[in-house]
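Structure data (mmCIF, N, CA and C atoms) from entry24.cif:
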data_run
#
loop_
_atom_site.label_atom_id
_atom_site.label_comp_id
_atom_site.auth_asym_id
_atom_site.auth_seq_id
_atom_site.Cartn_x
_atom_site.Cartn_y
_atom_site.Cartn_z
N MET A 30 22.04 49.20 68.47
CA MET A 30 22.86 49.72 69.54
C MET A 30 23.58 48.56 70.22
N GLU A 31 24.83 48.78 70.61
CA GLU A 31 25.59 47.74 71.28
C GLU A 31 26.50 48.36 72.33
N VAL A 32 26.88 47.57 73.30
CA VAL A 32 27.83 48.03 74.31
C VAL A 32 29.22 47.90 73.71
N SER A 33 30.03 48.94 73.82
CA SER A 33 31.37 48.95 73.27
C SER A 33 32.42 48.50 74.28
N HIS A 34 32.49 49.22 75.42
CA HIS A 34 33.51 48.88 76.41
C HIS A 34 33.21 49.54 77.75
N THR A 35 33.92 49.05 78.77
CA THR A 35 33.93 49.67 80.09
C THR A 35 35.36 50.11 80.32
N CYS A 36 35.55 51.29 80.92
CA CYS A 36 36.89 51.83 81.13
C CYS A 36 37.15 51.98 82.62
N ILE A 37 38.32 51.48 83.06
CA ILE A 37 38.72 51.63 84.46
C ILE A 37 40.19 52.03 84.53
N TRP A 38 40.53 52.84 85.52
CA TRP A 38 41.91 53.21 85.78
C TRP A 38 42.60 52.06 86.51
N VAL A 39 43.88 51.84 86.19
CA VAL A 39 44.67 50.82 86.87
C VAL A 39 45.99 51.43 87.35
N SER A 40 46.53 50.85 88.42
CA SER A 40 47.77 51.39 88.99
C SER A 40 49.02 50.71 88.44
N ASP A 41 48.88 49.52 87.88
CA ASP A 41 50.02 48.77 87.36
C ASP A 41 49.55 48.03 86.12
N LEU A 42 49.88 48.57 84.95
CA LEU A 42 49.38 47.99 83.70
C LEU A 42 49.91 46.57 83.49
N GLU A 43 51.14 46.31 83.87
CA GLU A 43 51.70 44.97 83.68
C GLU A 43 50.99 43.94 84.55
N ALA A 44 50.70 44.30 85.80
CA ALA A 44 49.96 43.39 86.68
C ALA A 44 48.55 43.16 86.15
N THR A 45 47.95 44.21 85.61
CA THR A 45 46.60 44.11 85.03
C THR A 45 46.61 43.18 83.83
N LYS A 46 47.61 43.32 82.95
CA LYS A 46 47.72 42.43 81.79
C LYS A 46 47.93 40.99 82.23
N ALA A 47 48.77 40.77 83.22
CA ALA A 47 49.02 39.42 83.71
C ALA A 47 47.73 38.79 84.24
N PHE A 48 46.90 39.58 84.92
CA PHE A 48 45.65 39.09 85.50
C PHE A 48 44.64 38.77 84.41
N TYR A 49 44.35 39.75 83.55
CA TYR A 49 43.26 39.60 82.58
C TYR A 49 43.64 38.80 81.33
N ILE A 50 44.90 38.91 80.89
CA ILE A 50 45.33 38.18 79.70
C ILE A 50 46.00 36.87 80.10
N GLY A 51 47.04 36.97 80.92
CA GLY A 51 47.81 35.79 81.30
C GLY A 51 47.01 34.75 82.05
N ALA A 52 46.23 35.18 83.04
CA ALA A 52 45.50 34.23 83.88
C ALA A 52 44.05 34.05 83.44
N MET A 53 43.34 35.15 83.16
CA MET A 53 41.93 35.07 82.80
C MET A 53 41.73 34.51 81.40
N GLY A 54 42.64 34.84 80.48
CA GLY A 54 42.55 34.32 79.12
C GLY A 54 41.89 35.26 78.13
N LEU A 55 41.67 36.52 78.52
CA LEU A 55 41.17 37.50 77.54
C LEU A 55 42.33 37.84 76.60
N HIS A 56 42.04 38.55 75.51
CA HIS A 56 43.10 38.89 74.57
C HIS A 56 43.16 40.40 74.33
N HIS A 57 44.38 40.86 74.04
CA HIS A 57 44.63 42.27 73.74
C HIS A 57 44.03 42.59 72.38
N THR A 58 43.27 43.69 72.29
CA THR A 58 42.67 44.06 71.01
C THR A 58 43.38 45.25 70.37
N TRP A 59 43.68 46.27 71.16
CA TRP A 59 44.41 47.43 70.65
C TRP A 59 44.78 48.34 71.80
N ASP A 60 45.63 49.32 71.52
CA ASP A 60 46.02 50.28 72.55
C ASP A 60 46.53 51.56 71.89
N PHE A 61 46.59 52.62 72.66
CA PHE A 61 47.15 53.88 72.18
C PHE A 61 47.54 54.73 73.38
N VAL A 62 48.41 55.70 73.13
CA VAL A 62 48.78 56.68 74.14
C VAL A 62 48.26 58.02 73.66
N GLY A 63 47.40 58.64 74.48
CA GLY A 63 46.80 59.92 74.12
C GLY A 63 47.78 61.08 74.32
N GLY A 64 47.38 62.23 73.84
CA GLY A 64 48.19 63.44 73.97
C GLY A 64 48.47 63.82 75.41
N ASP A 65 47.68 63.33 76.34
CA ASP A 65 47.88 63.61 77.76
C ASP A 65 48.83 62.61 78.41
N GLY A 66 49.40 61.68 77.61
CA GLY A 66 50.33 60.69 78.14
C GLY A 66 49.67 59.48 78.78
N VAL A 67 48.34 59.41 78.72
CA VAL A 67 47.61 58.29 79.31
C VAL A 67 47.56 57.14 78.31
N THR A 68 47.96 55.96 78.76
CA THR A 68 47.87 54.76 77.93
C THR A 68 46.47 54.17 78.07
N SER A 69 45.86 53.86 76.95
CA SER A 69 44.59 53.14 76.93
C SER A 69 44.87 51.79 76.31
N TYR A 70 44.60 50.73 77.07
CA TYR A 70 44.91 49.36 76.68
C TYR A 70 43.62 48.56 76.74
N TYR A 71 43.25 47.94 75.62
CA TYR A 71 41.96 47.26 75.50
C TYR A 71 42.12 45.74 75.44
N VAL A 72 41.21 45.04 76.12
CA VAL A 72 41.14 43.57 76.06
C VAL A 72 39.70 43.17 75.79
N ALA A 73 39.52 41.95 75.28
CA ALA A 73 38.18 41.44 75.01
C ALA A 73 38.19 39.92 75.10
N GLY A 74 36.99 39.38 75.15
CA GLY A 74 36.80 37.94 75.07
C GLY A 74 36.16 37.62 73.74
N GLU A 75 35.43 36.54 73.69
CA GLU A 75 34.81 36.10 72.44
C GLU A 75 33.66 36.98 71.99
N GLY A 76 32.96 37.65 72.91
CA GLY A 76 31.78 38.42 72.56
C GLY A 76 32.06 39.77 71.92
N GLY A 77 33.30 40.24 72.00
CA GLY A 77 33.65 41.49 71.35
C GLY A 77 33.57 42.73 72.22
N VAL A 78 32.83 42.68 73.33
CA VAL A 78 32.78 43.84 74.23
C VAL A 78 34.14 43.96 74.91
N GLU A 79 34.67 45.17 74.97
CA GLU A 79 36.02 45.38 75.48
C GLU A 79 36.03 45.99 76.88
N ILE A 80 37.15 45.76 77.57
CA ILE A 80 37.47 46.49 78.80
C ILE A 80 38.66 47.36 78.46
N GLN A 81 38.55 48.65 78.75
CA GLN A 81 39.65 49.60 78.52
C GLN A 81 40.31 49.89 79.86
N PHE A 82 41.62 49.69 79.91
CA PHE A 82 42.39 50.01 81.11
C PHE A 82 43.16 51.30 80.83
N LYS A 83 42.98 52.29 81.70
CA LYS A 83 43.71 53.55 81.55
C LYS A 83 44.83 53.58 82.57
N TYR A 84 46.02 53.98 82.11
CA TYR A 84 47.20 53.99 82.97
C TYR A 84 48.10 55.15 82.58
N LYS A 85 48.66 55.81 83.61
CA LYS A 85 49.66 56.84 83.38
C LYS A 85 50.77 56.67 84.41
N GLU A 86 51.98 56.56 83.93
CA GLU A 86 53.15 56.43 84.80
C GLU A 86 53.14 57.54 85.84
N GLY A 87 53.34 57.16 87.10
CA GLY A 87 53.41 58.15 88.17
C GLY A 87 52.08 58.49 88.81
N LEU A 88 50.99 58.06 88.21
CA LEU A 88 49.68 58.30 88.80
C LEU A 88 49.23 57.04 89.52
N GLU A 89 48.66 57.21 90.69
CA GLU A 89 48.09 56.06 91.40
C GLU A 89 46.81 55.66 90.68
N GLY A 90 46.50 54.38 90.68
CA GLY A 90 45.23 53.94 90.10
C GLY A 90 44.08 54.53 90.90
N LYS A 91 43.01 54.78 90.24
CA LYS A 91 41.82 55.30 90.90
C LYS A 91 41.25 54.25 91.84
N VAL A 92 40.75 54.68 92.98
CA VAL A 92 40.09 53.75 93.89
C VAL A 92 38.78 53.33 93.24
N PRO A 93 38.49 52.02 93.21
CA PRO A 93 37.24 51.62 92.59
C PRO A 93 36.05 52.36 93.20
N GLY A 94 35.29 52.98 92.37
CA GLY A 94 34.12 53.71 92.83
C GLY A 94 33.10 53.78 91.73
N GLY A 95 31.88 53.49 92.05
CA GLY A 95 30.83 53.56 91.05
C GLY A 95 30.73 52.30 90.21
N ILE A 96 31.69 51.41 90.32
CA ILE A 96 31.63 50.14 89.60
C ILE A 96 31.43 49.05 90.64
N ASP A 97 30.40 48.26 90.48
CA ASP A 97 30.16 47.17 91.41
C ASP A 97 31.04 45.98 91.05
N HIS A 98 31.02 45.57 89.78
CA HIS A 98 31.87 44.47 89.35
C HIS A 98 31.91 44.40 87.83
N ILE A 99 32.88 43.64 87.33
CA ILE A 99 33.00 43.33 85.92
C ILE A 99 32.64 41.86 85.79
N ALA A 100 31.69 41.51 84.93
CA ALA A 100 31.27 40.12 84.76
C ALA A 100 31.87 39.54 83.49
N ILE A 101 32.48 38.36 83.63
CA ILE A 101 33.07 37.67 82.50
C ILE A 101 32.47 36.26 82.44
N VAL A 102 31.88 35.93 81.29
CA VAL A 102 31.26 34.61 81.13
C VAL A 102 32.36 33.57 80.92
N ILE A 103 32.29 32.50 81.69
CA ILE A 103 33.29 31.44 81.72
C ILE A 103 32.60 30.12 81.41
N GLU A 104 33.29 29.22 80.72
CA GLU A 104 32.70 27.91 80.42
C GLU A 104 32.59 27.03 81.67
N ASN A 105 33.62 27.08 82.53
CA ASN A 105 33.61 26.26 83.74
C ASN A 105 34.13 27.11 84.89
N VAL A 106 33.22 27.63 85.70
CA VAL A 106 33.59 28.54 86.79
C VAL A 106 34.47 27.85 87.82
N ASP A 107 34.18 26.61 88.15
CA ASP A 107 34.98 25.92 89.16
C ASP A 107 36.45 25.86 88.76
N GLU A 108 36.71 25.48 87.50
CA GLU A 108 38.09 25.40 87.01
C GLU A 108 38.75 26.77 86.94
N LYS A 109 38.05 27.76 86.36
CA LYS A 109 38.65 29.09 86.19
C LYS A 109 38.89 29.76 87.54
N PHE A 110 37.98 29.59 88.48
CA PHE A 110 38.16 30.16 89.83
C PHE A 110 39.44 29.60 90.46
N LYS A 111 39.60 28.29 90.44
CA LYS A 111 40.79 27.66 91.02
C LYS A 111 42.04 28.14 90.28
N ASP A 112 41.97 28.19 88.97
CA ASP A 112 43.09 28.62 88.14
C ASP A 112 43.50 30.06 88.47
N MET A 113 42.53 30.96 88.60
CA MET A 113 42.83 32.36 88.90
C MET A 113 43.46 32.52 90.28
N VAL A 114 42.93 31.83 91.26
CA VAL A 114 43.48 31.90 92.62
C VAL A 114 44.89 31.34 92.63
N ASP A 115 45.10 30.20 91.95
CA ASP A 115 46.43 29.58 91.90
C ASP A 115 47.44 30.45 91.16
N LYS A 116 47.04 31.01 90.01
CA LYS A 116 47.96 31.78 89.17
C LYS A 116 48.25 33.17 89.71
N THR A 117 47.24 33.82 90.29
CA THR A 117 47.40 35.23 90.66
C THR A 117 47.40 35.49 92.15
N GLY A 118 46.93 34.53 92.95
CA GLY A 118 46.81 34.77 94.39
C GLY A 118 45.78 35.85 94.71
N CYS A 119 44.83 36.06 93.80
CA CYS A 119 43.83 37.11 93.95
C CYS A 119 42.99 36.89 95.21
N LYS A 120 42.46 37.99 95.70
CA LYS A 120 41.56 37.94 96.85
C LYS A 120 40.23 37.33 96.41
N VAL A 121 39.72 36.41 97.21
CA VAL A 121 38.42 35.79 96.94
C VAL A 121 37.36 36.61 97.68
N VAL A 122 36.42 37.14 96.92
CA VAL A 122 35.30 37.88 97.51
C VAL A 122 34.21 36.89 97.90
N ARG A 123 33.91 35.95 97.00
CA ARG A 123 32.95 34.88 97.29
C ARG A 123 33.29 33.68 96.43
N SER A 124 33.46 32.54 97.06
CA SER A 124 33.79 31.31 96.35
C SER A 124 32.62 30.88 95.46
N VAL A 125 32.87 29.89 94.66
CA VAL A 125 31.87 29.40 93.70
C VAL A 125 30.59 28.98 94.41
N PHE A 126 29.47 29.42 93.85
CA PHE A 126 28.16 29.01 94.34
C PHE A 126 27.22 28.89 93.15
N GLN A 127 26.12 28.21 93.34
CA GLN A 127 25.15 28.01 92.27
C GLN A 127 23.85 28.72 92.62
N ASN A 128 23.29 29.41 91.64
CA ASN A 128 21.99 30.06 91.79
C ASN A 128 21.02 29.34 90.86
N ASP A 129 20.24 28.42 91.43
CA ASP A 129 19.32 27.63 90.62
C ASP A 129 18.18 28.46 90.05
N THR A 130 17.83 29.56 90.71
CA THR A 130 16.74 30.41 90.23
C THR A 130 17.06 30.99 88.86
N ILE A 131 18.30 31.45 88.66
CA ILE A 131 18.67 32.02 87.37
C ILE A 131 19.65 31.13 86.60
N LYS A 132 19.80 29.88 87.04
CA LYS A 132 20.58 28.86 86.37
C LYS A 132 22.00 29.31 86.03
N THR A 133 22.74 29.67 87.09
CA THR A 133 24.12 30.09 86.92
C THR A 133 25.00 29.53 88.03
N ARG A 134 26.30 29.43 87.76
CA ARG A 134 27.33 29.20 88.77
C ARG A 134 28.20 30.44 88.73
N VAL A 135 28.56 30.93 89.90
CA VAL A 135 29.21 32.24 89.99
C VAL A 135 30.30 32.21 91.07
N ALA A 136 31.33 33.02 90.86
CA ALA A 136 32.34 33.29 91.89
C ALA A 136 32.77 34.75 91.71
N PHE A 137 33.23 35.35 92.79
CA PHE A 137 33.70 36.73 92.75
C PHE A 137 35.13 36.80 93.29
N ILE A 138 36.02 37.45 92.51
CA ILE A 138 37.41 37.64 92.91
C ILE A 138 37.76 39.11 92.70
N GLU A 139 38.95 39.53 93.17
CA GLU A 139 39.41 40.91 92.94
C GLU A 139 40.61 40.90 92.01
N ASP A 140 40.66 41.93 91.16
CA ASP A 140 41.83 42.10 90.29
C ASP A 140 42.92 42.87 91.06
N PRO A 141 44.07 43.16 90.45
CA PRO A 141 45.15 43.82 91.18
C PRO A 141 44.81 45.19 91.76
N ASP A 142 43.80 45.89 91.22
CA ASP A 142 43.41 47.19 91.75
C ASP A 142 42.20 47.15 92.66
N GLY A 143 41.73 45.95 92.99
CA GLY A 143 40.60 45.83 93.90
C GLY A 143 39.24 45.85 93.23
N TYR A 144 39.20 45.87 91.88
CA TYR A 144 37.92 45.77 91.19
C TYR A 144 37.40 44.34 91.34
N VAL A 145 36.13 44.20 91.60
CA VAL A 145 35.53 42.87 91.74
C VAL A 145 35.22 42.32 90.35
N VAL A 146 35.64 41.09 90.12
CA VAL A 146 35.41 40.40 88.85
C VAL A 146 34.49 39.21 89.14
N GLU A 147 33.37 39.17 88.45
CA GLU A 147 32.44 38.05 88.57
C GLU A 147 32.77 37.04 87.48
N LEU A 148 33.03 35.82 87.88
CA LEU A 148 33.17 34.72 86.96
C LEU A 148 31.80 34.07 86.85
N LEU A 149 31.22 34.05 85.67
CA LEU A 149 29.81 33.68 85.49
C LEU A 149 29.68 32.55 84.48
N GLN A 150 29.06 31.47 84.91
CA GLN A 150 28.79 30.32 84.03
C GLN A 150 27.29 30.14 83.92
N HIS A 151 26.77 30.20 82.69
CA HIS A 151 25.36 29.93 82.45
C HIS A 151 25.17 28.43 82.37
N LEU A 152 24.19 27.92 83.11
CA LEU A 152 23.88 26.49 83.09
C LEU A 152 22.74 26.23 82.11
N ASP A 153 22.84 25.13 81.41
CA ASP A 153 21.78 24.81 80.43
C ASP A 153 20.65 24.06 81.08
#
Produce structure tokens that represent the structure in this file.
Amino acid sequence: MEVSHTCIWVSDLEATKAFYIGAMGLHHTWDFVGGDGVTSYYVAGEGGVEIQFKYKEGLEGKVPGGIDHIAIVIENVDEKFKDMVDKTGCKVVRSVFQNDTIKTRVAFIEDPDGYVVELLQHLD
């Protein structure tokens, strides 16, 4: 058994692509438009688990609900956090901090629709 993807509604697909692909560095895997006119656009990182963004012209993005955050493993959280803030002007939920108990460095930012994104670096 494996995790396939997480799906979230977005209000502006181009802004979402700029955030997750242009600034974050994830890559587009595939997309399709369903019979209901909803675009499903998928991105992934190195691990293969995807995020599906659902978008329909004229519909407002869903208010984030039921999702606490999306976690993305980063090689260097300090660099990526600064890069994301500089490139996107995203809202900072919590600046970089270190959790020695679970050996991680972490930061939390918001994407264009207000979803919280955790930047997570595992320390060796």
Subject >> Test item, strand (DSSP E) assignment across range 69-119 of chain A, answer as a count of residues only >> reply: 15
Original post:
Using only C-alpha atoms, what residues lie at most 10 Å away from (55.4, 57.3, 83.9) (file coordinates), given as a ChimeraX atom specification?
Top reply: /A:66-68,84-88
**OP:** Give me the residues within 8 Å of Val135 in chain A as a ChimeraX atom specification, counting all atoms listed in the file and dropping any in the same chain fewer than 4 places off.
**Re:** /A:106-107,123-128,147-151
Subject >> Members of chain A assigned alpha helix (DSSP H) by DSSP, as a VMD selection string >> reply: chain A and resid 42 to 46 106 to 117
Original post:
Which residue, A:Ala73, A:Val78, A:Cys36, A:Val146, has the smallest gap to Asp97 in chain A when you use only N, CA and C atoms?
Top reply: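 Of all the options, A:Val146 lies closest to Asp97 in chain A.
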Original post:
Using all atoms listed in the file, which residue out of A:Val145, A:Thr117, A:Glu139, A:Ala44 lies closest to Ala100 in chain A?
Top reply: A:Val145
Original post:
How far is it from atom N of Phe110 in chain A to atom C of Ile131 in chain A, in Å with one decimal?
Top reply: 18.5 Å
Subject >> One-decimal distance in Å that lies between atom N of Glu31 in chain A and CA of Gly63 in chain A >> reply: 24.9 Å
